[in-house]
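A.B. asks: Pasting in a structure now, in structure tokens, and then I'll have a few things to ask.
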Amino acid sequence: MSSRRSFLQKLAAPIVALPLLSEKTKAGSINPLAMPYQGPVLRVAIMGLGSYGRRVADAMVACKKAKLTGVISGTPSKIKEWQSKFNIPEKNCYNYENFDQVKNNPDIDAVYVITPNALHHDQVIRVAKAGKHVICEKPMAINAKEGQEMVDACKAAKVKLLVGYRLHFEPKTLEIVRMRKDGELGKIMFFQGLSGFRAGDPTQWRLNKQLAGGGAMMDIGIYSINGSRYMVGEEPIWVTAQETKTDPVKFKAGVDETIQFQLGFPSGAVASCLSTYNMNNLDRFFLNGEKGFGELLPATGYGPIRGRTHKGELDQPHITHQTVQMEEMAGIILEGKQPIIPVDGEEGLRDLKIIDAIYAAVKEGRKVSLKV
Ligand code: NAD
């Protein structure tokens with residue numbers, strides 16, 4: 001088992017699928033997954049049947065608005081296993097050579113790309129050219145140039161491009177964002193994001209620059225980048241960053257082990273963040289304002305996310321992130337729903353622009369201005 005998986009699993013408690021919850025959640029709001037549903041359904045093919053693809057597929061079983069109808073994989077034995085587990089017909093199974101043919105498949109509305117990072121760019125563009133909506137895992141690509149090309153290709157093909165930012169639908173995260181928006185924290189002064197775990201197997205694709213596009217920053221540091229933006233509620237205008245590497249054999253050139261970085265926002269708020277593949281127990285967001293604070297600890301694991309503010313513990317219910325994400329993304333694609341925190345290609349592109357600036361700041365040893 002990869003150490004990333006064991007890291008996230010350690011953070012995960014037994015998962016409570018939403019349909020098991022009563023129609024009213026603890027907070028008193030209606031739980032849409034417990035209500036009967038007769039509207040349109042987003043039919044999704046998953047590309048990349050690895051560990052996260054499987055987690056998404058399992059979570060989608062509880063969805064009402066989204067359904068797994070197809071698979072794309074280079075491994076015939078995995079396709080067979082998924083076919084029997086998820087009842088997928090032969091005609092909805094593709095490999096990496098022939099998946100452009102989804103174009104002619106009326107049973108697939110969208111493809112969810114869950115492959116190694118450096119493959120996302122070409123795969124997303126091919127899906128867009130086949131006329132299907134695309135959901136792409138984070139990081140959306142390995143640099144902003146690629147990300148822009150993906151956004152442009154999806155626009156040209158008139159398909160939606162969404163990024164798998166599951167925390168944008170997470171209830172405790174959304175409560176802190178609501179409090180910040182309603183002024184309950186006062187003027188925002190500071191954000192801290194700590195994102196890291198010890199990467200295990202040195203042969204895994206995450207430590208291969210060709211497939212990962214970088215190191216910890218691409219994989220886990222991106223949570224602090226993305227989190228700083230939605231927690232502070234502004235886009236950064238400058239970046240400074242410092243890299244340390246203790247194991248240059250395991251973390252080769254272009255594969256970052258540990259980077260500390262700072263982001264400056266137009267209001268004067270600053271973020272101080274750590275991204276690492278060499279330390280465990282790092283998964284914390286802390287937002288500080290003149291009137292109060294919000295903390296998520298853990299902030300980004302599969303849950304339960306725990307949180308508190310200056311007013312006390314947050315008690316929003318734990319939800320299976322990927323179930324709610326897919327349910328909400330079906331609403332965005334099929335009904336034009338607007339999420340509270342965006343999950344579109346432009347959102348993914350902003351994070352890539354910041355990653356480019358962080359790498360430039362490390363390389364050049366200077367403060368880098370940016371406009372995202
Ligand atoms: P994984 O190694 O478990 O799965 C990757 C899959 O891609 C495998 O099935 C593999 O066979 C396939 N693949 C296709 N072409 C490949 C190639 N050339 N080389 C290697 N594998 C190839 O990885 P994962 O953990 O499922 O990660 C996949 C993507 O999902 C990554 O972009 C990662 O950042 C993202 N992810 C997101 C989350 C999240 O919480 N949102 C969590 C884990 C992973």
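Chain labels follow the order of the structure tokens: the first chain is A, the next B, and so on; residue numbering restarts at 1 in every chain, and ligands are counted from 1 in their shown order.
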Using only C-alpha atoms, determine which residues lie at most 8 Å from range 69-77 of chain A, disregarding the query and same-chain residues fewer than 5 positions distant; provide the list as a ChimeraX atom specification.
C.D. replies: /A:43-49,82,88-89,92-96,99,107-108
A.B. asks: Kindly export the residues of the current selection with N, CA, C and O atoms, as a PDB file, in the first residue's frame.
C.D. replies:
```pdb
ATOM      1  N   ARG A  43     -23.950  10.535 -16.588  1.00  0.00           N
ATOM      2  CA  ARG A  43     -23.354   9.197 -16.781  1.00  0.00           C
ATOM      3  C   ARG A  43     -21.858   9.367 -17.031  1.00  0.00           C
ATOM      4  O   ARG A  43     -21.454  10.042 -17.988  1.00  0.00           O
ATOM      5  N   VAL A  44     -21.071   8.771 -16.149  1.00  0.00           N
ATOM      6  CA  VAL A  44     -19.635   9.068 -16.082  1.00  0.00           C
ATOM      7  C   VAL A  44     -18.798   7.827 -16.398  1.00  0.00           C
ATOM      8  O   VAL A  44     -19.087   6.728 -15.904  1.00  0.00           O
ATOM      9  N   ALA A  45     -17.746   8.031 -17.211  1.00  0.00           N
ATOM     10  CA  ALA A  45     -16.725   6.985 -17.380  1.00  0.00           C
ATOM     11  C   ALA A  45     -15.494   7.419 -16.605  1.00  0.00           C
ATOM     12  O   ALA A  45     -15.102   8.589 -16.671  1.00  0.00           O
ATOM     13  N   ILE A  46     -14.909   6.508 -15.867  1.00  0.00           N
ATOM     14  CA  ILE A  46     -13.667   6.823 -15.151  1.00  0.00           C
ATOM     15  C   ILE A  46     -12.480   6.346 -15.985  1.00  0.00           C
ATOM     16  O   ILE A  46     -12.462   5.210 -16.464  1.00  0.00           O
ATOM     17  N   MET A  47     -11.498   7.264 -16.149  1.00  0.00           N
ATOM     18  CA  MET A  47     -10.255   6.917 -16.841  1.00  0.00           C
ATOM     19  C   MET A  47      -9.145   6.801 -15.797  1.00  0.00           C
ATOM     20  O   MET A  47      -8.869   7.764 -15.085  1.00  0.00           O
ATOM     21  N   GLY A  48      -8.522   5.620 -15.702  1.00  0.00           N
ATOM     22  CA  GLY A  48      -7.473   5.398 -14.699  1.00  0.00           C
ATOM     23  C   GLY A  48      -8.075   4.677 -13.509  1.00  0.00           C
ATOM     24  O   GLY A  48      -8.684   5.310 -12.634  1.00  0.00           O
ATOM     25  N   LEU A  49      -7.939   3.343 -13.507  1.00  0.00           N
ATOM     26  CA  LEU A  49      -8.611   2.543 -12.474  1.00  0.00           C
ATOM     27  C   LEU A  49      -7.632   2.234 -11.330  1.00  0.00           C
ATOM     28  O   LEU A  49      -7.452   1.087 -10.928  1.00  0.00           O
ATOM     29  N   TRP A  82     -13.919  -4.392 -12.747  1.00  0.00           N
ATOM     30  CA  TRP A  82     -14.844  -3.252 -12.587  1.00  0.00           C
ATOM     31  C   TRP A  82     -16.178  -3.534 -13.279  1.00  0.00           C
ATOM     32  O   TRP A  82     -17.221  -3.131 -12.782  1.00  0.00           O
ATOM     33  N   ILE A  88     -20.900  -2.811 -15.648  1.00  0.00           N
ATOM     34  CA  ILE A  88     -20.599  -1.952 -16.802  1.00  0.00           C
ATOM     35  C   ILE A  88     -20.583  -2.807 -18.075  1.00  0.00           C
ATOM     36  O   ILE A  88     -19.827  -3.776 -18.155  1.00  0.00           O
ATOM     37  N   PRO A  89     -21.408  -2.454 -19.069  1.00  0.00           N
ATOM     38  CA  PRO A  89     -21.446  -3.267 -20.285  1.00  0.00           C
ATOM     39  C   PRO A  89     -20.168  -3.135 -21.125  1.00  0.00           C
ATOM     40  O   PRO A  89     -19.500  -2.091 -21.085  1.00  0.00           O
ATOM     41  N   ASN A  92     -19.134  -0.060 -23.173  1.00  0.00           N
ATOM     42  CA  ASN A  92     -18.724   1.174 -22.489  1.00  0.00           C
ATOM     43  C   ASN A  92     -17.304   1.075 -21.926  1.00  0.00           C
ATOM     44  O   ASN A  92     -16.917   1.865 -21.063  1.00  0.00           O
ATOM     45  N   CYS A  93     -16.532   0.075 -22.419  1.00  0.00           N
ATOM     46  CA  CYS A  93     -15.160  -0.120 -21.937  1.00  0.00           C
ATOM     47  C   CYS A  93     -14.167   0.272 -23.034  1.00  0.00           C
ATOM     48  O   CYS A  93     -14.308  -0.153 -24.189  1.00  0.00           O
ATOM     49  N   TYR A  94     -13.190   1.069 -22.648  1.00  0.00           N
ATOM     50  CA  TYR A  94     -12.206   1.572 -23.620  1.00  0.00           C
ATOM     51  C   TYR A  94     -10.808   1.422 -23.057  1.00  0.00           C
ATOM     52  O   TYR A  94     -10.622   1.256 -21.847  1.00  0.00           O
ATOM     53  N   ASN A  95      -9.809   1.533 -23.979  1.00  0.00           N
ATOM     54  CA  ASN A  95      -8.417   1.604 -23.535  1.00  0.00           C
ATOM     55  C   ASN A  95      -7.841   2.961 -23.957  1.00  0.00           C
ATOM     56  O   ASN A  95      -8.556   3.791 -24.547  1.00  0.00           O
ATOM     57  N   TYR A  96      -6.543   3.188 -23.644  1.00  0.00           N
ATOM     58  CA  TYR A  96      -5.961   4.513 -23.908  1.00  0.00           C
ATOM     59  C   TYR A  96      -5.770   4.788 -25.407  1.00  0.00           C
ATOM     60  O   TYR A  96      -5.568   5.935 -25.791  1.00  0.00           O
ATOM     61  N   PHE A  99     -10.039   5.464 -26.739  1.00  0.00           N
ATOM     62  CA  PHE A  99     -11.102   6.143 -25.968  1.00  0.00           C
ATOM     63  C   PHE A  99     -11.715   7.353 -26.684  1.00  0.00           C
ATOM     64  O   PHE A  99     -12.766   7.845 -26.276  1.00  0.00           O
ATOM     65  N   ASP A 107     -24.225   6.673 -23.977  1.00  0.00           N
ATOM     66  CA  ASP A 107     -24.384   6.322 -22.555  1.00  0.00           C
ATOM     67  C   ASP A 107     -23.340   6.992 -21.661  1.00  0.00           C
ATOM     68  O   ASP A 107     -23.292   6.739 -20.450  1.00  0.00           O
ATOM     69  N   ILE A 108     -22.464   7.800 -22.263  1.00  0.00           N
ATOM     70  CA  ILE A 108     -21.427   8.474 -21.470  1.00  0.00           C
ATOM     71  C   ILE A 108     -21.513   9.984 -21.726  1.00  0.00           C
ATOM     72  O   ILE A 108     -21.395  10.437 -22.866  1.00  0.00           O
TER      73      ILE A 108
END
```
A.B. asks: Just want the 12 Å neighbourhood of Val270 in chain A, counted on only C-alpha atoms, with same-chain residues fewer than 2 positions away dropped. Output as a short mmCIF file (atom, residue, chain, number, x, y, z; two decimals) with all heavy atoms, in the first residue's frame.
C.D. replies:
```cif
data_model
loop_
_atom_site.label_atom_id
_atom_site.label_comp_id
_atom_site.auth_asym_id
_atom_site.auth_seq_id
_atom_site.Cartn_x
_atom_site.Cartn_y
_atom_site.Cartn_z
N ILE A 188 -9.32 39.64 7.61
CA ILE A 188 -8.42 38.47 7.58
C ILE A 188 -6.97 38.94 7.52
O ILE A 188 -6.59 39.79 6.70
CB ILE A 188 -8.75 37.57 6.37
CG1 ILE A 188 -10.18 37.02 6.51
CG2 ILE A 188 -7.74 36.43 6.25
CD1 ILE A 188 -10.45 36.22 7.77
N MET A 189 -6.16 38.38 8.43
CA MET A 189 -4.76 38.79 8.54
C MET A 189 -3.78 37.70 8.10
O MET A 189 -2.74 37.99 7.54
CB MET A 189 -4.44 39.12 10.02
CG MET A 189 -5.39 40.11 10.67
SD MET A 189 -5.30 41.72 9.91
CE MET A 189 -3.69 42.26 10.47
N PHE A 190 -4.15 36.42 8.37
CA PHE A 190 -3.13 35.36 8.23
C PHE A 190 -3.78 34.01 7.96
O PHE A 190 -4.86 33.70 8.49
CB PHE A 190 -2.34 35.28 9.56
CG PHE A 190 -1.29 34.20 9.58
CD1 PHE A 190 -0.12 34.34 8.85
CD2 PHE A 190 -1.48 33.05 10.34
CE1 PHE A 190 0.85 33.34 8.86
CE2 PHE A 190 -0.50 32.06 10.36
CZ PHE A 190 0.67 32.20 9.63
N PHE A 191 -3.12 33.21 7.11
CA PHE A 191 -3.52 31.82 6.90
C PHE A 191 -2.27 30.95 7.02
O PHE A 191 -1.20 31.31 6.52
CB PHE A 191 -4.13 31.65 5.50
CG PHE A 191 -4.38 30.20 5.13
CD1 PHE A 191 -5.50 29.53 5.59
CD2 PHE A 191 -3.47 29.50 4.33
CE1 PHE A 191 -5.73 28.19 5.27
CE2 PHE A 191 -3.70 28.17 3.99
CZ PHE A 191 -4.83 27.52 4.46
N GLN A 192 -2.42 29.83 7.69
CA GLN A 192 -1.34 28.84 7.70
C GLN A 192 -1.86 27.55 7.08
O GLN A 192 -2.95 27.07 7.45
CB GLN A 192 -0.85 28.53 9.11
CG GLN A 192 0.34 27.57 9.10
CD GLN A 192 0.68 27.00 10.47
OE1 GLN A 192 -0.20 26.58 11.21
NE2 GLN A 192 1.95 26.98 10.79
N GLY A 193 -1.10 26.98 6.13
CA GLY A 193 -1.45 25.69 5.54
C GLY A 193 -0.28 24.73 5.67
O GLY A 193 0.83 25.05 5.24
N SER A 228 -5.56 28.20 0.79
CA SER A 228 -5.29 29.59 1.17
C SER A 228 -6.21 30.52 0.40
O SER A 228 -6.71 31.51 0.94
CB SER A 228 -3.82 29.96 0.91
OG SER A 228 -3.57 30.09 -0.47
N ARG A 229 -6.50 30.18 -0.86
CA ARG A 229 -7.32 31.06 -1.71
C ARG A 229 -8.77 31.06 -1.24
O ARG A 229 -9.41 32.10 -1.13
CB ARG A 229 -7.20 30.63 -3.17
CG ARG A 229 -5.77 30.79 -3.71
CD ARG A 229 -5.63 30.28 -5.14
NE ARG A 229 -6.75 30.70 -5.94
CZ ARG A 229 -7.61 29.84 -6.53
NH1 ARG A 229 -7.43 28.55 -6.44
NH2 ARG A 229 -8.62 30.31 -7.21
N MET A 231 -9.93 30.06 1.72
CA MET A 231 -10.08 30.47 3.12
C MET A 231 -9.91 31.99 3.25
O MET A 231 -10.73 32.65 3.90
CB MET A 231 -9.05 29.75 4.00
CG MET A 231 -9.24 28.25 4.08
SD MET A 231 -10.71 27.73 4.99
CE MET A 231 -10.03 27.50 6.60
N VAL A 232 -8.88 32.55 2.61
CA VAL A 232 -8.67 34.01 2.69
C VAL A 232 -9.73 34.74 1.84
O VAL A 232 -10.16 35.84 2.20
CB VAL A 232 -7.23 34.37 2.23
CG1 VAL A 232 -7.04 35.89 2.13
CG2 VAL A 232 -6.20 33.78 3.19
N GLY A 233 -10.11 34.13 0.71
CA GLY A 233 -11.12 34.75 -0.15
C GLY A 233 -10.54 35.79 -1.09
O GLY A 233 -11.24 36.70 -1.52
N GLU A 234 -9.24 35.67 -1.37
CA GLU A 234 -8.59 36.59 -2.32
C GLU A 234 -7.61 35.79 -3.16
O GLU A 234 -7.30 34.65 -2.83
CB GLU A 234 -7.79 37.66 -1.55
CG GLU A 234 -8.61 38.57 -0.67
CD GLU A 234 -7.72 39.54 0.10
OE1 GLU A 234 -6.86 40.20 -0.53
OE2 GLU A 234 -7.86 39.61 1.33
N GLU A 235 -7.10 36.43 -4.22
CA GLU A 235 -6.07 35.80 -5.05
C GLU A 235 -4.72 36.41 -4.71
O GLU A 235 -4.60 37.63 -4.60
CB GLU A 235 -6.37 36.00 -6.55
CG GLU A 235 -7.71 35.42 -7.00
CD GLU A 235 -7.81 33.91 -6.78
OE1 GLU A 235 -6.80 33.25 -6.52
OE2 GLU A 235 -8.95 33.39 -6.87
N PRO A 236 -3.68 35.58 -4.55
CA PRO A 236 -2.37 36.13 -4.17
C PRO A 236 -1.74 36.99 -5.26
O PRO A 236 -1.97 36.75 -6.44
CB PRO A 236 -1.53 34.87 -3.92
CG PRO A 236 -2.19 33.81 -4.71
CD PRO A 236 -3.66 34.13 -4.73
N ILE A 237 -0.95 37.98 -4.81
CA ILE A 237 -0.28 38.87 -5.78
C ILE A 237 1.25 38.71 -5.72
O ILE A 237 1.94 39.26 -6.56
CB ILE A 237 -0.68 40.35 -5.56
CG1 ILE A 237 -0.53 40.74 -4.07
CG2 ILE A 237 -2.10 40.60 -6.05
CD1 ILE A 237 -0.74 42.22 -3.79
N TRP A 238 1.74 38.03 -4.72
CA TRP A 238 3.17 37.71 -4.72
C TRP A 238 3.43 36.40 -3.99
O TRP A 238 2.59 35.95 -3.18
CB TRP A 238 4.04 38.83 -4.14
CG TRP A 238 3.75 39.27 -2.72
CD1 TRP A 238 3.08 40.40 -2.36
CD2 TRP A 238 4.13 38.62 -1.49
NE1 TRP A 238 3.00 40.48 -0.99
CE2 TRP A 238 3.64 39.41 -0.43
CE3 TRP A 238 4.83 37.46 -1.18
CZ2 TRP A 238 3.83 39.08 0.92
CZ3 TRP A 238 5.02 37.12 0.17
CH2 TRP A 238 4.52 37.93 1.19
N VAL A 239 4.61 35.83 -4.30
CA VAL A 239 5.02 34.55 -3.71
C VAL A 239 6.49 34.62 -3.36
O VAL A 239 7.29 35.15 -4.14
CB VAL A 239 4.86 33.42 -4.77
CG1 VAL A 239 5.48 32.12 -4.30
CG2 VAL A 239 3.40 33.19 -5.10
N THR A 240 6.85 34.08 -2.19
CA THR A 240 8.26 33.78 -1.91
C THR A 240 8.31 32.31 -1.52
O THR A 240 7.30 31.74 -1.05
CB THR A 240 8.84 34.65 -0.76
OG1 THR A 240 7.92 34.62 0.35
CG2 THR A 240 9.05 36.08 -1.18
N PHE A 261 6.48 28.09 1.57
CA PHE A 261 6.18 29.24 0.70
C PHE A 261 5.23 30.19 1.40
O PHE A 261 4.49 29.82 2.32
CB PHE A 261 5.62 28.79 -0.65
CG PHE A 261 4.36 27.98 -0.60
CD1 PHE A 261 3.12 28.59 -0.76
CD2 PHE A 261 4.39 26.61 -0.40
CE1 PHE A 261 1.94 27.84 -0.74
CE2 PHE A 261 3.23 25.85 -0.37
CZ PHE A 261 2.01 26.47 -0.54
N GLN A 262 5.31 31.44 0.96
CA GLN A 262 4.49 32.51 1.52
C GLN A 262 3.75 33.19 0.38
O GLN A 262 4.31 33.36 -0.72
CB GLN A 262 5.37 33.53 2.26
CG GLN A 262 6.23 32.95 3.39
CD GLN A 262 7.47 32.19 2.90
OE1 GLN A 262 8.09 32.60 1.92
NE2 GLN A 262 7.82 31.10 3.55
N LEU A 263 2.49 33.52 0.62
CA LEU A 263 1.68 34.20 -0.38
C LEU A 263 1.20 35.52 0.20
O LEU A 263 0.81 35.58 1.38
CB LEU A 263 0.45 33.36 -0.76
CG LEU A 263 0.69 31.91 -1.20
CD1 LEU A 263 -0.64 31.17 -1.35
CD2 LEU A 263 1.43 31.89 -2.54
N GLY A 264 1.23 36.58 -0.61
CA GLY A 264 0.71 37.87 -0.17
C GLY A 264 -0.56 38.20 -0.94
O GLY A 264 -0.64 37.96 -2.15
N PHE A 265 -1.56 38.71 -0.22
CA PHE A 265 -2.86 39.01 -0.83
C PHE A 265 -3.09 40.52 -0.88
O PHE A 265 -2.49 41.27 -0.08
CB PHE A 265 -3.97 38.31 -0.02
CG PHE A 265 -3.84 36.80 -0.04
CD1 PHE A 265 -3.08 36.14 0.92
CD2 PHE A 265 -4.45 36.06 -1.04
CE1 PHE A 265 -2.94 34.74 0.88
CE2 PHE A 265 -4.32 34.67 -1.08
CZ PHE A 265 -3.57 34.01 -0.12
N PRO A 266 -3.96 40.98 -1.79
CA PRO A 266 -4.15 42.43 -1.96
C PRO A 266 -4.52 43.17 -0.68
O PRO A 266 -4.11 44.31 -0.46
CB PRO A 266 -5.29 42.52 -2.99
CG PRO A 266 -5.26 41.21 -3.71
CD PRO A 266 -4.75 40.19 -2.74
N SER A 267 -5.28 42.54 0.23
CA SER A 267 -5.72 43.22 1.45
C SER A 267 -4.58 43.40 2.45
O SER A 267 -4.73 44.10 3.44
CB SER A 267 -6.80 42.38 2.14
OG SER A 267 -6.21 41.14 2.57
N GLY A 268 -3.45 42.72 2.19
CA GLY A 268 -2.35 42.74 3.16
C GLY A 268 -2.24 41.45 3.94
O GLY A 268 -1.27 41.22 4.64
N SER A 272 1.33 31.46 5.10
CA SER A 272 2.60 30.79 5.31
C SER A 272 2.33 29.30 5.23
O SER A 272 1.51 28.78 6.00
CB SER A 272 3.14 31.18 6.69
OG SER A 272 4.30 30.43 6.96
N CYS A 273 2.97 28.61 4.28
CA CYS A 273 2.58 27.22 4.01
C CYS A 273 3.79 26.31 3.90
O CYS A 273 4.90 26.74 3.56
CB CYS A 273 1.80 27.14 2.70
SG CYS A 273 0.34 28.21 2.65
N PHE A 286 -5.27 27.03 9.15
CA PHE A 286 -5.60 27.95 10.24
C PHE A 286 -5.78 29.35 9.64
O PHE A 286 -4.88 29.88 9.00
CB PHE A 286 -4.48 27.97 11.29
CG PHE A 286 -4.77 28.89 12.44
CD1 PHE A 286 -5.69 28.55 13.41
CD2 PHE A 286 -4.13 30.12 12.53
CE1 PHE A 286 -5.98 29.42 14.46
CE2 PHE A 286 -4.41 31.00 13.57
CZ PHE A 286 -5.34 30.64 14.54
N LEU A 287 -6.97 29.91 9.85
CA LEU A 287 -7.29 31.22 9.29
C LEU A 287 -7.51 32.18 10.45
O LEU A 287 -8.34 31.92 11.33
CB LEU A 287 -8.58 31.12 8.46
CG LEU A 287 -9.04 32.39 7.75
CD1 LEU A 287 -8.06 32.78 6.63
CD2 LEU A 287 -10.44 32.18 7.15
N ASN A 288 -6.77 33.27 10.45
CA ASN A 288 -6.87 34.20 11.57
C ASN A 288 -7.33 35.58 11.11
O ASN A 288 -6.78 36.14 10.17
CB ASN A 288 -5.49 34.32 12.25
CG ASN A 288 -5.62 34.70 13.72
OD1 ASN A 288 -6.67 34.50 14.33
ND2 ASN A 288 -4.56 35.25 14.29
N GLY A 289 -8.33 36.10 11.79
CA GLY A 289 -8.80 37.44 11.49
C GLY A 289 -8.77 38.31 12.73
O GLY A 289 -8.44 37.82 13.82
#
```
A.B. asks: Just list the residues in range 335-367 of chain A DSSP gives alpha helix (DSSP H) on the backbone, as a PyMOL selection string.
C.D. replies: chain A and resi 335+345-364
A.B. asks: So, counting only C-alpha atoms, which residue among A:Ile332, A:Tyr230, A:Lys245, A:Pro36 is closest to Leu174 in chain A?
C.D. replies: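 When distances to Leu174 in chain A are compared using only C-alpha atoms, the smallest one comes from A:Tyr230.
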A.B. asks: Identify, with DSSP run on backbone atoms, the residues in range 135-292 of chain A assigned to strand (DSSP E), and express the list as a PyMOL selection string.
C.D. replies: chain A and resi 135-136+161-163+188-196+238-244+258-264+270-276+282-289
A.B. asks: Here is a test: counting only C-alpha atoms, which residue of A:Leu370, A:Ala128, A:Glu170, A:Lys181 is nearest to Ala156 in chain A?
C.D. replies: A:Ala128
A.B. asks: Please determine, counting only C-alpha atoms, which residue among A:Gln123, A:Met179, A:Lys337, A:Asp351 has the shortest atom-to-atom distance to Gly292 in chain A.
C.D. replies: A:Met179
A.B. asks: Contacts of range 311-317 of chain A at 6 Å or less, counting only C-alpha atoms, minus same-chain residues fewer than 3 places along, as a list in words?
C.D. replies: Pro171, Lys172, Gly307 and Arg308 of chain A
A.B. asks: I'd like the contact shell of Lys155 in chain A - 10 Å cut-off, only C-alpha atoms, skipping same-chain residues fewer than 6 positions apart - returned as a PyMOL selection string.
C.D. replies: chain A and resi 128+149+161+345
A.B. asks: Write the residues of the preceding selection, restricted to C-alpha atoms, as a compact mmCIF listing (two decimals), in the first residue's frame.
C.D. replies:
```
# COMPACT_ATOMS: atom_id res chain seq x y z
CA ALA A 128 -13.02 17.41 -25.00
CA GLU A 149 -4.55 24.81 -23.30
CA LEU A 161 -14.10 21.20 -17.45
CA GLY A 345 -10.91 24.76 -15.19
```
A.B. asks: Using only C-alpha atoms for the distances, tell me which of A:Ile305, A:Met150, A:Ala62, A:Ala360 is nearest to Gln242 in chain A.
C.D. replies: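 That would be A:Ala360, the residue with the smallest distance to Gln242 in chain A.
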A.B. asks: One number please: CA of Leu207 in chain A to CA of Ala253 in chain A, in Å, one decimal.
C.D. replies: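 Computing the Euclidean distance for CA of Leu207 in chain A and CA of Ala253 in chain A yields 10.2 Å.
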A.B. asks: Mind checking which residues fall within 6 Å of Arg306 in chain A, counting only C-alpha atoms, ignoring those fewer than 4 positions away in the same chain, and posting them as a list in words?
C.D. replies: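 Once the adjacent positions are removed, what remains is Leu296, Leu297 and Pro298 of chain A.
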A.B. asks: Using only C-alpha atoms, can you tell me which of A:His121, A:Arg126, A:Lys291, A:Lys132 comes closest to Asp109 in chain A?
C.D. replies: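 Of A:His121, A:Arg126, A:Lys291, A:Lys132, the one nearest Asp109 in chain A is A:Lys132, counting only C-alpha atoms.
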